[in-house]
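K.L.:
Contents are TSV, C-alpha atoms and all ligand atoms; file name structure-v5.tsv:
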chain	number	residue	atom	x	y	z
N	26	MET	CA	-12.32	-25.27	-37.66
N	27	THR	CA	-12.72	-26.38	-34.05
N	28	ARG	CA	-14.28	-23.83	-31.75
N	29	PRO	CA	-12.10	-21.83	-29.35
N	30	LEU	CA	-12.18	-23.00	-25.73
N	31	PRO	CA	-11.72	-20.32	-23.06
N	32	TYR	CA	-10.55	-21.51	-19.64
N	33	GLY	CA	-13.89	-20.46	-18.17
N	34	ARG	CA	-17.11	-18.78	-19.25
N	35	GLN	CA	-20.65	-18.13	-18.09
N	36	VAL	CA	-23.86	-19.90	-19.10
N	37	ILE	CA	-26.72	-17.48	-19.72
N	38	GLU	CA	-30.08	-19.03	-20.63
N	39	ASP	CA	-33.39	-17.55	-21.77
N	40	ASP	CA	-34.87	-17.49	-18.28
N	41	ASP	CA	-31.83	-15.55	-17.01
N	42	ILE	CA	-32.42	-12.99	-19.74
N	43	ALA	CA	-36.14	-12.84	-18.94
N	44	ALA	CA	-35.37	-12.18	-15.26
N	45	VAL	CA	-33.17	-9.21	-16.20
N	46	VAL	CA	-35.70	-7.85	-18.69
N	47	ALA	CA	-38.43	-8.01	-16.04
N	48	VAL	CA	-36.40	-5.72	-13.79
N	49	LEU	CA	-35.63	-3.36	-16.66
N	50	LYS	CA	-39.39	-3.03	-17.28
N	51	SER	CA	-40.14	-2.45	-13.59
N	52	ASP	CA	-40.07	0.81	-11.58
N	53	ILE	CA	-37.02	-0.06	-9.49
N	54	LEU	CA	-33.52	-0.55	-10.85
N	55	THR	CA	-31.60	-0.42	-7.58
N	56	GLY	CA	-32.29	-0.83	-3.88
N	57	GLY	CA	-35.38	-2.89	-4.66
N	58	PRO	CA	-36.86	-6.35	-4.19
N	59	ALA	CA	-34.45	-8.12	-6.56
N	60	VAL	CA	-31.58	-7.24	-4.21
N	61	SER	CA	-33.28	-8.59	-1.10
N	62	GLY	CA	-34.48	-11.60	-3.12
N	63	PHE	CA	-30.92	-12.39	-4.16
N	64	GLU	CA	-29.67	-11.99	-0.60
N	65	ALA	CA	-32.36	-14.38	0.67
N	66	ALA	CA	-31.55	-16.96	-2.04
N	67	LEU	CA	-27.84	-16.85	-1.25
N	68	ALA	CA	-28.45	-17.02	2.51
N	69	GLY	CA	-30.50	-20.15	1.86
N	70	ILE	CA	-27.78	-21.83	-0.20
N	71	ALA	CA	-25.06	-20.87	2.27
N	72	ALA	CA	-27.18	-21.81	5.32
N	73	ALA	CA	-26.30	-18.43	6.86
N	74	PRO	CA	-28.80	-16.08	8.51
N	75	HIS	CA	-27.41	-12.99	6.75
N	76	ALA	CA	-26.19	-12.29	3.20
N	77	VAL	CA	-25.20	-8.82	1.98
N	78	ALA	CA	-24.98	-8.31	-1.79
N	79	CYS	CA	-22.36	-5.95	-3.18
N	80	ASN	CA	-20.88	-5.12	-6.56
N	81	SER	CA	-17.82	-7.41	-6.57
N	82	GLY	CA	-15.97	-10.00	-4.56
N	83	THR	CA	-13.26	-7.41	-4.04
N	84	ALA	CA	-15.80	-4.98	-2.57
N	85	GLY	CA	-17.00	-7.82	-0.32
N	86	LEU	CA	-13.48	-8.40	1.01
N	87	HIS	CA	-13.04	-4.66	1.60
N	88	LEU	CA	-16.42	-4.47	3.39
N	89	ALA	CA	-15.41	-7.40	5.60
N	90	ALA	CA	-12.16	-5.62	6.55
N	91	LEU	CA	-14.14	-2.44	7.34
N	92	ALA	CA	-16.77	-4.34	9.33
N	93	LEU	CA	-14.00	-5.84	11.50
N	94	ASP	CA	-12.50	-2.36	12.00
N	95	LEU	CA	-9.08	-3.49	10.74
N	96	GLY	CA	-6.59	-0.68	10.26
N	97	PRO	CA	-3.01	0.54	10.47
N	98	GLY	CA	-0.80	-1.56	12.75
N	99	ASP	CA	-2.96	-4.66	12.26
N	100	ALA	CA	-1.76	-7.81	10.50
N	101	VAL	CA	-4.06	-9.92	8.32
N	102	ILE	CA	-2.74	-13.39	7.45
N	103	VAL	CA	-3.41	-14.24	3.80
N	104	PRO	CA	-2.25	-17.30	1.83
N	105	SER	CA	0.09	-16.32	-1.01
N	106	VAL	CA	-1.63	-18.48	-3.63
N	107	THR	CA	-4.75	-16.43	-4.30
N	108	PHE	CA	-6.01	-13.56	-6.42
N	109	VAL	CA	-4.43	-10.22	-5.47
N	110	ALA	CA	-7.77	-8.93	-4.11
N	111	THR	CA	-7.53	-11.06	-0.94
N	112	ALA	CA	-4.36	-9.30	0.20
N	113	ASN	CA	-5.32	-5.91	-1.21
N	114	ALA	CA	-8.42	-5.84	1.02
N	115	ALA	CA	-6.11	-5.60	4.05
N	116	ARG	CA	-4.16	-2.77	2.40
N	117	TYR	CA	-7.35	-0.82	1.54
N	118	VAL	CA	-7.93	-0.26	5.27
N	119	GLY	CA	-4.23	0.36	6.04
N	120	ALA	CA	-3.63	-3.07	7.62
N	121	GLU	CA	-0.67	-5.21	6.51
N	122	ALA	CA	-1.15	-8.45	4.56
N	123	VAL	CA	1.23	-11.05	6.05
N	124	PHE	CA	1.59	-13.95	3.62
N	125	ALA	CA	1.26	-17.57	4.71
N	126	ASP	CA	2.68	-20.48	2.78
N	127	VAL	CA	0.43	-23.21	1.32
N	128	ASP	CA	0.41	-26.95	0.75
N	129	PRO	CA	2.26	-27.43	-2.58
N	130	ALA	CA	-0.19	-30.19	-3.60
N	131	THR	CA	-3.48	-28.32	-3.01
N	132	GLY	CA	-2.44	-24.66	-2.80
N	133	LEU	CA	-4.38	-24.36	0.47
N	134	MET	CA	-3.20	-22.67	3.67
N	135	GLY	CA	-3.48	-25.04	6.65
N	136	PRO	CA	-3.21	-24.44	10.41
N	137	ASP	CA	0.57	-25.07	10.38
N	138	HIS	CA	1.03	-22.42	7.69
N	139	LEU	CA	-1.07	-19.97	9.70
N	140	ASP	CA	0.97	-20.74	12.81
N	141	GLU	CA	4.23	-20.08	10.97
N	142	ALA	CA	2.96	-16.81	9.44
N	143	LEU	CA	2.00	-15.59	12.93
N	144	THR	CA	5.69	-15.74	13.89
N	145	ARG	CA	6.43	-13.21	11.10
N	146	CYS	CA	4.11	-10.38	12.20
N	147	GLY	CA	6.91	-8.37	13.79
N	148	GLY	CA	5.53	-5.41	15.70
N	149	LEU	CA	2.08	-5.67	14.08
N	150	ARG	CA	-1.03	-6.81	15.98
N	151	PRO	CA	-2.31	-10.06	14.38
N	152	LYS	CA	-6.03	-9.35	14.03
N	153	ALA	CA	-7.48	-11.53	11.28
N	154	VAL	CA	-6.91	-14.38	8.85
N	155	PHE	CA	-8.44	-14.59	5.36
N	156	PRO	CA	-8.32	-18.28	4.30
N	157	VAL	CA	-8.91	-18.94	0.59
N	158	HIS	CA	-10.84	-21.94	-0.75
N	159	LEU	CA	-8.70	-22.43	-3.84
N	160	ASN	CA	-10.16	-23.92	-7.03
N	161	GLY	CA	-13.33	-24.95	-5.19
N	162	GLN	CA	-11.61	-27.05	-2.53
N	163	CYS	CA	-12.11	-25.80	1.00
N	164	ALA	CA	-9.38	-25.01	3.48
N	165	ASP	CA	-9.46	-26.89	6.80
N	166	MET	CA	-11.90	-24.48	8.47
N	167	PRO	CA	-12.34	-26.42	11.76
N	168	GLY	CA	-8.53	-26.45	12.14
N	169	LEU	CA	-7.97	-22.85	11.04
N	170	GLY	CA	-10.95	-21.60	13.05
N	171	ALA	CA	-9.73	-23.27	16.25
N	172	LEU	CA	-6.23	-21.83	15.85
N	173	ALA	CA	-7.65	-18.39	15.04
N	174	ARG	CA	-9.80	-18.47	18.19
N	175	ARG	CA	-6.75	-19.33	20.31
N	176	HIS	CA	-4.95	-16.28	18.90
N	177	GLY	CA	-8.00	-14.00	19.02
N	178	LEU	CA	-8.09	-13.61	15.24
N	179	ALA	CA	-11.20	-12.80	13.24
N	180	VAL	CA	-11.73	-15.13	10.26
N	181	VAL	CA	-12.96	-14.08	6.79
N	182	GLU	CA	-13.23	-16.87	4.22
N	183	ASP	CA	-12.40	-15.84	0.66
N	184	ALA	CA	-14.99	-18.18	-0.84
N	185	CYS	CA	-14.91	-16.61	-4.32
N	186	HIS	CA	-13.92	-20.03	-5.77
N	187	ALA	CA	-16.19	-22.11	-3.59
N	188	LEU	CA	-19.89	-21.31	-4.03
N	189	GLY	CA	-21.67	-24.64	-3.54
N	190	SER	CA	-18.70	-26.43	-1.93
N	191	LEU	CA	-19.28	-28.46	1.22
N	192	GLN	CA	-16.58	-28.12	3.86
N	193	SER	CA	-14.92	-30.96	5.78
N	194	ASP	CA	-17.76	-30.90	8.33
N	195	ASP	CA	-20.24	-31.16	5.40
N	196	ARG	CA	-21.58	-27.67	6.01
N	197	PRO	CA	-22.02	-25.46	2.93
N	198	THR	CA	-19.41	-22.77	2.34
N	199	GLY	CA	-20.84	-19.52	3.62
N	200	ALA	CA	-22.43	-21.03	6.73
N	201	CYS	CA	-19.58	-19.46	8.73
N	202	ALA	CA	-19.52	-22.16	11.41
N	203	HIS	CA	-15.76	-21.52	11.88
N	204	SER	CA	-15.50	-17.95	10.62
N	205	ASP	CA	-16.99	-14.49	11.03
N	206	MET	CA	-17.77	-13.90	7.36
N	207	ALA	CA	-17.46	-15.54	3.94
N	208	VAL	CA	-17.05	-13.58	0.70
N	209	PHE	CA	-18.31	-14.64	-2.74
N	210	SER	CA	-17.76	-13.33	-6.28
N	211	PHE	CA	-20.14	-13.58	-9.21
N	212	HIS	CA	-17.70	-12.55	-11.93
N	213	PRO	CA	-18.47	-14.42	-15.20
N	214	VAL	CA	-15.64	-16.95	-14.76
N	215	LYS	CA	-17.03	-17.97	-11.35
N	216	THR	CA	-19.62	-20.72	-11.01
N	217	VAL	CA	-22.56	-18.29	-10.99
N	218	ALA	CA	-22.44	-15.06	-13.04
N	219	MET	CA	-23.80	-11.55	-12.42
N	220	GLY	CA	-21.39	-9.67	-14.70
N	221	GLU	CA	-19.83	-7.93	-11.73
N	222	GLY	CA	-21.18	-8.91	-8.32
N	223	GLY	CA	-20.29	-10.16	-4.89
N	224	ALA	CA	-21.72	-10.93	-1.47
N	225	VAL	CA	-20.75	-11.49	2.15
N	226	THR	CA	-22.47	-13.99	4.43
N	227	THR	CA	-22.34	-13.98	8.25
N	228	ARG	CA	-24.11	-15.34	11.32
N	229	ASP	CA	-23.52	-12.09	13.22
N	230	ALA	CA	-26.31	-9.48	13.07
N	231	ARG	CA	-23.88	-6.74	14.15
N	232	LEU	CA	-21.49	-7.53	11.28
N	233	ASP	CA	-24.46	-7.68	8.88
N	234	ALA	CA	-25.44	-4.14	9.93
N	235	ARG	CA	-21.87	-2.86	9.55
N	236	LEU	CA	-21.50	-4.43	6.10
N	237	ARG	CA	-24.71	-2.67	5.01
N	238	LEU	CA	-23.52	0.62	6.51
N	239	PHE	CA	-20.17	0.62	4.69
N	240	ARG	CA	-21.81	-0.65	1.49
N	241	SER	CA	-23.71	2.64	1.24
N	242	HIS	CA	-21.40	5.55	2.16
N	243	GLY	CA	-21.46	4.87	5.92
N	244	ILE	CA	-24.89	6.53	5.98
N	245	THR	CA	-27.54	5.53	8.53
N	246	ARG	CA	-31.21	6.52	8.68
N	247	GLU	CA	-31.73	4.60	11.94
N	248	PRO	CA	-32.88	7.16	14.58
N	249	ALA	CA	-31.54	4.98	17.41
N	250	GLU	CA	-28.03	5.42	15.98
N	251	PHE	CA	-28.08	9.19	15.50
N	252	LEU	CA	-25.23	11.03	17.23
N	253	GLN	CA	-26.54	14.61	16.80
N	254	PRO	CA	-29.99	14.81	18.45
N	255	ASP	CA	-30.25	18.58	17.91
N	256	GLU	CA	-29.97	18.12	14.16
N	257	ALA	CA	-31.85	14.84	13.98
N	258	PHE	CA	-35.05	15.47	15.97
N	259	ASP	CA	-37.67	18.19	16.16
N	260	GLY	CA	-39.02	19.78	19.38
N	261	GLU	CA	-41.35	16.83	19.91
N	262	GLY	CA	-38.55	14.29	19.55
N	263	ARG	CA	-39.62	13.17	16.09
N	264	PRO	CA	-36.81	12.40	13.61
N	265	ASN	CA	-36.63	15.02	10.85
N	266	PRO	CA	-37.88	13.45	7.61
N	267	TRP	CA	-34.82	14.40	5.53
N	268	TYR	CA	-32.22	13.49	8.06
N	269	TYR	CA	-29.46	10.89	7.82
N	270	GLU	CA	-26.03	10.66	9.38
N	271	MET	CA	-22.54	9.55	8.45
N	272	ALA	CA	-20.17	8.83	11.32
N	273	ARG	CA	-17.41	7.43	9.12
N	274	PRO	CA	-17.12	7.40	5.30
N	275	GLY	CA	-18.12	4.22	3.51
N	276	PHE	CA	-18.37	3.43	-0.19
N	277	ASN	CA	-20.94	2.86	-2.91
N	278	TYR	CA	-20.55	-0.91	-3.15
N	279	ARG	CA	-24.25	-1.62	-3.75
N	280	ALA	CA	-25.39	-4.26	-6.25
N	281	CYS	CA	-28.35	-3.14	-8.36
N	282	ASP	CA	-31.60	-4.99	-9.03
N	283	ILE	CA	-30.62	-5.70	-12.65
N	284	VAL	CA	-27.62	-7.87	-11.74
N	285	CYS	CA	-29.27	-9.32	-8.63
N	286	ALA	CA	-32.14	-10.64	-10.78
N	287	LEU	CA	-29.54	-12.38	-12.94
N	288	GLY	CA	-27.81	-13.69	-9.80
N	289	THR	CA	-31.02	-15.15	-8.36
N	290	SER	CA	-31.87	-16.83	-11.65
N	291	GLN	CA	-28.34	-18.28	-11.83
N	292	LEU	CA	-28.29	-19.43	-8.19
N	293	ALA	CA	-31.29	-21.66	-8.94
N	294	LYS	CA	-29.01	-23.54	-11.37
N	295	LEU	CA	-26.09	-24.00	-9.01
N	296	ASP	CA	-26.67	-27.73	-8.45
N	297	ARG	CA	-26.84	-28.40	-12.18
N	298	PHE	CA	-23.74	-26.28	-12.83
N	299	ARG	CA	-21.80	-27.96	-10.03
N	300	THR	CA	-22.78	-31.46	-11.18
N	301	ARG	CA	-21.77	-30.83	-14.80
N	302	ARG	CA	-18.44	-29.36	-13.70
N	303	ALA	CA	-17.82	-32.46	-11.54
N	304	GLU	CA	-18.58	-34.72	-14.53
N	305	LEU	CA	-16.12	-32.80	-16.71
N	306	MET	CA	-13.49	-33.03	-13.94
N	307	ALA	CA	-13.97	-36.79	-13.70
N	308	LEU	CA	-13.62	-37.15	-17.47
N	309	TYR	CA	-10.42	-35.08	-17.43
N	310	GLU	CA	-9.00	-37.34	-14.71
N	311	ARG	CA	-9.68	-40.43	-16.84
N	312	LEU	CA	-8.25	-38.96	-20.05
N	313	LEU	CA	-5.31	-36.80	-19.03
N	314	PRO	CA	-1.83	-38.17	-19.69
N	315	PRO	CA	0.23	-39.21	-16.65
N	316	ALA	CA	2.39	-36.11	-17.17
N	317	ALA	CA	-0.55	-33.82	-16.24
N	318	ARG	CA	-1.72	-34.71	-12.76
N	319	PRO	CA	-4.79	-33.21	-11.10
N	320	ILE	CA	-3.85	-31.20	-8.01
N	321	GLY	CA	-3.99	-32.85	-4.60
N	322	ARG	CA	-7.44	-33.56	-3.20
N	323	VAL	CA	-8.54	-32.66	0.30
N	324	SER	CA	-10.32	-35.36	2.26
N	325	GLY	CA	-13.91	-34.83	3.38
N	326	GLY	CA	-16.41	-32.33	2.12
N	327	ARG	CA	-17.35	-31.95	-1.54
N	328	PRO	CA	-15.71	-29.38	-3.81
N	329	SER	CA	-17.74	-27.29	-6.21
N	330	TRP	CA	-15.01	-26.97	-8.84
N	331	HIS	CA	-14.31	-23.42	-9.99
N	332	ILE	CA	-11.29	-24.14	-12.20
N	333	MET	CA	-9.52	-27.27	-13.41
N	334	VAL	CA	-5.86	-27.08	-12.35
N	335	VAL	CA	-3.26	-29.71	-13.21
N	336	HIS	CA	0.32	-30.00	-12.07
N	337	ILE	CA	2.94	-30.60	-14.75
N	338	ASP	CA	6.70	-30.91	-14.33
N	339	PHE	CA	7.35	-28.91	-17.48
N	340	GLU	CA	11.15	-29.10	-17.26
N	341	ALA	CA	11.17	-32.87	-16.85
N	342	HIS	CA	9.25	-33.06	-20.14
N	343	GLY	CA	11.78	-30.92	-21.92
N	344	THR	CA	9.44	-27.96	-22.31
N	345	SER	CA	8.23	-24.84	-20.52
N	346	ARG	CA	4.82	-23.69	-19.35
N	347	ALA	CA	4.87	-20.78	-21.78
N	348	ALA	CA	5.62	-23.13	-24.71
N	349	VAL	CA	2.77	-25.47	-23.74
N	350	MET	CA	0.34	-22.54	-23.30
N	351	ARG	CA	1.29	-21.06	-26.67
N	352	ALA	CA	0.98	-24.42	-28.43
N	353	LEU	CA	-2.45	-25.02	-26.88
N	354	ALA	CA	-3.56	-21.48	-27.78
N	355	GLY	CA	-2.53	-22.26	-31.36
N	356	GLN	CA	-5.11	-25.06	-31.25
N	357	GLY	CA	-7.80	-22.78	-29.85
N	358	VAL	CA	-7.39	-23.97	-26.25
N	359	SER	CA	-6.97	-21.11	-23.75
N	360	THR	CA	-5.24	-21.90	-20.47
N	361	GLN	CA	-4.25	-19.75	-17.50
N	362	VAL	CA	-2.07	-19.78	-14.41
N	363	HIS	CA	-3.75	-19.32	-11.01
N	364	TYR	CA	-1.75	-17.61	-9.60
N	365	LEU	CA	1.63	-15.93	-9.48
N	366	PRO	CA	2.00	-16.09	-5.66
N	367	VAL	CA	0.91	-12.67	-4.43
N	368	HIS	CA	4.06	-12.17	-2.33
N	369	ARG	CA	5.93	-12.12	-5.67
N	370	GLN	CA	3.94	-9.18	-7.06
N	371	PRO	CA	6.14	-6.06	-7.23
N	372	TYR	CA	4.03	-4.17	-4.68
N	373	TYR	CA	4.31	-6.90	-2.05
N	374	ARG	CA	7.95	-7.73	-2.83
N	375	GLY	CA	8.60	-4.11	-1.94
N	376	ARG	CA	6.87	-4.57	1.42
N	377	PHE	CA	8.52	-7.94	2.21
N	378	PRO	CA	11.89	-8.02	0.42
N	379	GLY	CA	13.44	-11.48	0.39
N	380	LEU	CA	10.34	-13.36	1.59
N	381	THR	CA	10.28	-16.89	0.17
N	382	LEU	CA	7.40	-19.33	0.56
N	383	PRO	CA	8.52	-22.70	-0.82
N	384	GLY	CA	5.09	-24.37	-0.86
N	385	ALA	CA	3.52	-21.48	-2.79
N	386	ASP	CA	6.43	-21.38	-5.21
N	387	GLU	CA	6.26	-25.13	-5.87
N	388	TYR	CA	2.49	-25.02	-6.43
N	389	TYR	CA	2.98	-22.12	-8.84
N	390	ARG	CA	5.88	-23.65	-10.76
N	391	ARG	CA	3.81	-26.66	-11.85
N	392	CYS	CA	0.24	-25.36	-12.17
N	393	LEU	CA	-1.79	-24.91	-15.32
N	394	THR	CA	-5.52	-24.14	-15.54
N	395	LEU	CA	-7.37	-26.03	-18.29
N	396	PRO	CA	-10.77	-25.10	-19.74
N	397	LEU	CA	-13.69	-25.93	-17.44
N	398	PHE	CA	-17.18	-24.53	-17.97
N	399	VAL	CA	-20.70	-25.87	-18.07
N	400	GLY	CA	-21.06	-25.31	-21.81
N	401	MET	CA	-18.20	-27.75	-22.63
N	402	ASP	CA	-19.09	-31.12	-24.06
N	403	ASP	CA	-17.23	-34.37	-23.48
N	404	GLY	CA	-15.52	-34.03	-26.86
N	405	ASP	CA	-13.90	-30.76	-25.72
N	406	VAL	CA	-12.28	-32.58	-22.80
N	407	VAL	CA	-11.02	-35.30	-25.15
N	408	ARG	CA	-9.55	-32.60	-27.38
N	409	VAL	CA	-7.69	-30.85	-24.53
N	410	ALA	CA	-6.41	-34.14	-23.06
N	411	GLU	CA	-5.15	-35.35	-26.42
N	412	ALA	CA	-3.45	-32.04	-27.18
N	413	LEU	CA	-1.67	-32.14	-23.79
N	414	ALA	CA	-0.65	-35.76	-24.31
N	415	ARG	CA	0.96	-34.86	-27.67
N	416	LEU	CA	2.78	-31.85	-26.19
N	417	LEU	CA	4.11	-33.73	-23.17
N	418	SER	CA	5.13	-37.01	-24.86
N	501	LIG	C1	-12.51	-13.52	-8.30
N	501	LIG	C2	-11.83	-13.48	-7.00
N	501	LIG	C3	-11.87	-12.35	-6.16
N	501	LIG	C4	-12.45	-11.04	-6.59
N	501	LIG	O1	-13.73	-11.10	-7.07
N	501	LIG	P1	-14.25	-9.95	-8.06
N	501	LIG	O2	-15.72	-10.19	-8.08
N	501	LIG	O3	-13.60	-10.18	-9.38
N	501	LIG	O4	-13.88	-8.65	-7.46
N	501	LIG	C5	-11.28	-12.44	-4.91
N	501	LIG	N1	-10.65	-13.55	-4.50
N	501	LIG	C6	-10.57	-14.65	-5.28
N	501	LIG	C7	-9.87	-15.86	-4.75
N	501	LIG	C8	-11.14	-14.64	-6.56
N	501	LIG	O5	-11.02	-15.71	-7.35
Would you mind writing the file out in structure tokens?

P.N.:
Amino acid sequence: MTRPLPYGRQVIEDDDIAAVVAVLKSDILTGGPAVSGFEAALAGIAAAPHAVACNSGTAGLHLAALALDLGPGDAVIVPSVTFVATANAARYVGAEAVFADVDPATGLMGPDHLDEALTRCGGLRPKAVFPVHLNGQCADMPGLGALARRHGLAVVEDACHALGSLQSDDRPTGACAHSDMAVFSFHPVKTVAMGEGGAVTTRDARLDARLRLFRSHGITREPAEFLQPDEAFDGEGRPNPWYYEMARPGFNYRACDIVCALGTSQLAKLDRFRTRRAELMALYERLLPPAARPIGRVSGGRPSWHIMVVHIDFEAHGTSRAAVMRALAGQGVSTQVHYLPVHRQPYYRGRFPGLTLPGADEYYRRCLTLPLFVGMDDGDVVRVAEALARLLS
């Protein structure tokens, strides 16, 4: 019996396990040195001065929206081909997610798509754009950043697919040269795994401080920030030892030392993981039948592939996506679809009845995600390619 192939999975090695066990045997399980160590390691990889760890990519997106003070009456432009969390982050703070179309070949929102979405904001104030680096390929950040600046928009990169990707200017994703913040996820299907985990990088010390504030209930222990001197200080002007303040509620979005130790151990393997994924992608491209075409490639930069997506004209081959997925599953090959365009989710259809985005719909109609993970061997790729060739002949 051939082994089952998921579409993605983590690689956990003995040294990853040892790093976690070391924390478990230590005195500090949260708020300790493994958290700051992980933040420093990620800041190094992203070439950003600040990295704030949190407990999911979704929490990171929410923290970014809070740090920018987005709220009711504000519009956040979000590409429709993404995971629901990108748009939901705008809704968490009461802002509206206004969906942009994408390039049907790559699934990426470009400056023209952003421009068009800005004409659909109605009476809302356009305040921010959340570009998504889909599949590991980066959106045109110089182009999007320049347009955002002209319109006074803040920019938050959803980089959950793109840890280790170089952008078109050859800067690492997370450096935030054309954005205010970049958000990462360390869910087990992502390139680096923490179980559940996320982080936000930024160049802006003020945003870094706000992210940390909202990550931990909105509580500050910084005497310079206290608003109630009578409560905070004693007769000699010394801060009371028990005292902290909350000016506005935040959340508990902290990452603990246990998962951060795993994250740091995994980050050290990013180059190896990225290289093996690129090798598997190249092998797929050689072996796949002409009916299953790799998605369009952006020029410049260097993707760190998160998932392997092909485009298939299922109808032209006398079949359907569901039939192909079921047949592959019958042979132990799990596939997925990334994603049903978010504007077609019931919640967002209700907010924007009748909205159609032809690029997003075309990308969606043809896409299929094939297995891609570091633990695959070349024979697994041969097996998937041959199975697809049989099904599409
Ligand atoms: C995974 C993912 C998220 C959410 O990350 P979690 O860590 O699962 O919360 C957000 N956006 C995109 C594009 C993702 O792929």

K.L.:
Compute the set of protein, DNA and RNA residues whose minimum atom distance to ligand LIG 501 (chain N) is at most 6 Å, using all atoms listed in the file, and state it as a list in words.

P.N.:
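Written in the requested form, the residues are Ser81, Gly82, Thr83, Thr107, Phe108, Ala110, Thr111, Asp183, Cys185, His186, Ser210, Phe211, His212, Glu221, Gly222 and Gly223 of chain N.
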
K.L.:
Please provide the set of residues having any atom within 10 Å of Pro156 (chain N), restricted to all atoms listed in the file, with same-chain residues fewer than 2 positions apart removed, written as a CSV table (one decimal) with C-alpha atoms, keeping the file's coordinate frame.

P.N.:
chain,number,residue,atom,x,y,z
N,102,ILE,CA,-2.7,-13.4,7.4
N,103,VAL,CA,-3.4,-14.2,3.8
N,104,PRO,CA,-2.2,-17.3,1.8
N,107,THR,CA,-4.8,-16.4,-4.3
N,111,THR,CA,-7.5,-11.1,-0.9
N,125,ALA,CA,1.3,-17.6,4.7
N,133,LEU,CA,-4.4,-24.4,0.5
N,134,MET,CA,-3.2,-22.7,3.7
N,135,GLY,CA,-3.5,-25.0,6.6
N,139,LEU,CA,-1.1,-20.0,9.7
N,153,ALA,CA,-7.5,-11.5,11.3
N,154,VAL,CA,-6.9,-14.4,8.8
N,158,HIS,CA,-10.8,-21.9,-0.8
N,159,LEU,CA,-8.7,-22.4,-3.8
N,163,CYS,CA,-12.1,-25.8,1.0
N,164,ALA,CA,-9.4,-25.0,3.5
N,165,ASP,CA,-9.5,-26.9,6.8
N,166,MET,CA,-11.9,-24.5,8.5
N,169,LEU,CA,-8.0,-22.8,11.0
N,170,GLY,CA,-11.0,-21.6,13.0
N,180,VAL,CA,-11.7,-15.1,10.3
N,181,VAL,CA,-13.0,-14.1,6.8
N,182,GLU,CA,-13.2,-16.9,4.2
N,183,ASP,CA,-12.4,-15.8,0.7
N,184,ALA,CA,-15.0,-18.2,-0.8
N,204,SER,CA,-15.5,-18.0,10.6
N,207,ALA,CA,-17.5,-15.5,3.9

K.L.:
Find, counting all atoms listed in the file, the residue in N:Val208, N:Leu395, N:Val362, N:Ile42 that gets nearest to Glu310 (chain N).

P.N.:
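Residue with the minimum atom-to-atom distance to Glu310 (chain N): N:Leu395.
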
K.L.:
Measure the distance from CA of Gly98 (chain N) to CA of Pro151 (chain N) in Å and round it to one decimal.

P.N.:
8.8 Å

K.L.:
Quick one: of N:Val118, N:Asn277, N:Ala352, N:Glu411, who's nearest to Pro315 (chain N), counting only C-alpha atoms?

P.N.:
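The answer is N:Glu411, which sits nearest to Pro315 (chain N).
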
K.L.:
Just give me the gap between CA of Ala200 (chain N) and CA of His176 (chain N) in Å, one decimal is fine.

P.N.:
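Spanning CA of Ala200 (chain N) to CA of His176 (chain N) is a straight-line distance of 21.8 Å.
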
K.L.:
Need the shell around Ala410 (chain N): protein/DNA/RNA residues with any atom at most 10 Å away, counting all atoms listed in the file. Skip same-chain ones fewer than 6 positions apart. Format as a ChimeraX atom specification?

P.N.:
/N:308-314,317,395,404,416

K.L.:
Give the answer as one residue: which of N:Pro264, N:Thr394, N:Gly69, N:Asp126 has the shortest atom-to-atom distance to Arg318 (chain N), using only C-alpha atoms?

P.N.:
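When distances to Arg318 (chain N) are compared using only C-alpha atoms, the smallest one comes from N:Thr394.
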
K.L.:
When you draw a straight line from CA of Arg346 (chain N) to CA of Val123 (chain N), how long is it in Å?

P.N.:
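Separation between CA of Arg346 (chain N) and CA of Val123 (chain N): 28.6 Å.
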
K.L.:
Determine the nearest neighbour of Arg302 (chain N) from the options N:Pro366, N:Gly148, N:Gly220, N:Gly33, counting all atoms listed in the file.

P.N.:
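Smallest separation from Arg302 (chain N) among the options: N:Gly33.
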
K.L.:
Please identify all polymer residues within 12 Å of Pro29 (chain N), counting only C-alpha atoms, omitting same-chain residues fewer than 6 positions from it, and present them as a list in words.

P.N.:
Leu353, Ala354, Gly355, Gln356, Gly357, Val358, Ser359, Thr360, Pro396, Met401, Asp405, Arg408 and Val409 of chain N

K.L.:
For region 86-92 of chain N, what centre and edge lengths in Å (one decimal) does the axis-aligned box get once 8 Å is added on each side of all its listed atoms, as lines of an AutoDock Vina configuration file?

P.N.:
center_x = -14.5
center_y = -5.4
center_z = 5.2
size_x = 20.6
size_y = 22.0
size_z = 24.3

K.L.:
Could you check which of N:Phe298, N:Tyr278, N:Phe398, N:Tyr389 is closest to Tyr32 (chain N), using all atoms listed in the file?

P.N.:
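Among the listed residues, N:Phe398 lies closest to Tyr32 (chain N).
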
K.L.:
Might you pull out every residue within 9 Å of Gly384 (chain N), with all atoms listed in the file counted and same-chain residues fewer than 4 positions away left off, and present them as a PyMOL selection string?

P.N.:
chain N and resi 126-130+132+388-389

K.L.:
Would you save the residues of that selection, restricted to C-alpha atoms, as a PDB file, in the coordinates of the input?

P.N.:
ATOM      1  CA  ASP N 126       2.680 -20.480   2.780  1.00  0.00           C
ATOM      2  CA  VAL N 127       0.430 -23.210   1.320  1.00  0.00           C
ATOM      3  CA  ASP N 128       0.410 -26.950   0.750  1.00  0.00           C
ATOM      4  CA  PRO N 129       2.260 -27.430  -2.580  1.00  0.00           C
ATOM      5  CA  ALA N 130      -0.190 -30.190  -3.600  1.00  0.00           C
ATOM      6  CA  GLY N 132      -2.440 -24.660  -2.800  1.00  0.00           C
ATOM      7  CA  TYR N 388       2.490 -25.020  -6.430  1.00  0.00           C
ATOM      8  CA  TYR N 389       2.980 -22.120  -8.840  1.00  0.00           C
TER       9      TYR N 389
END
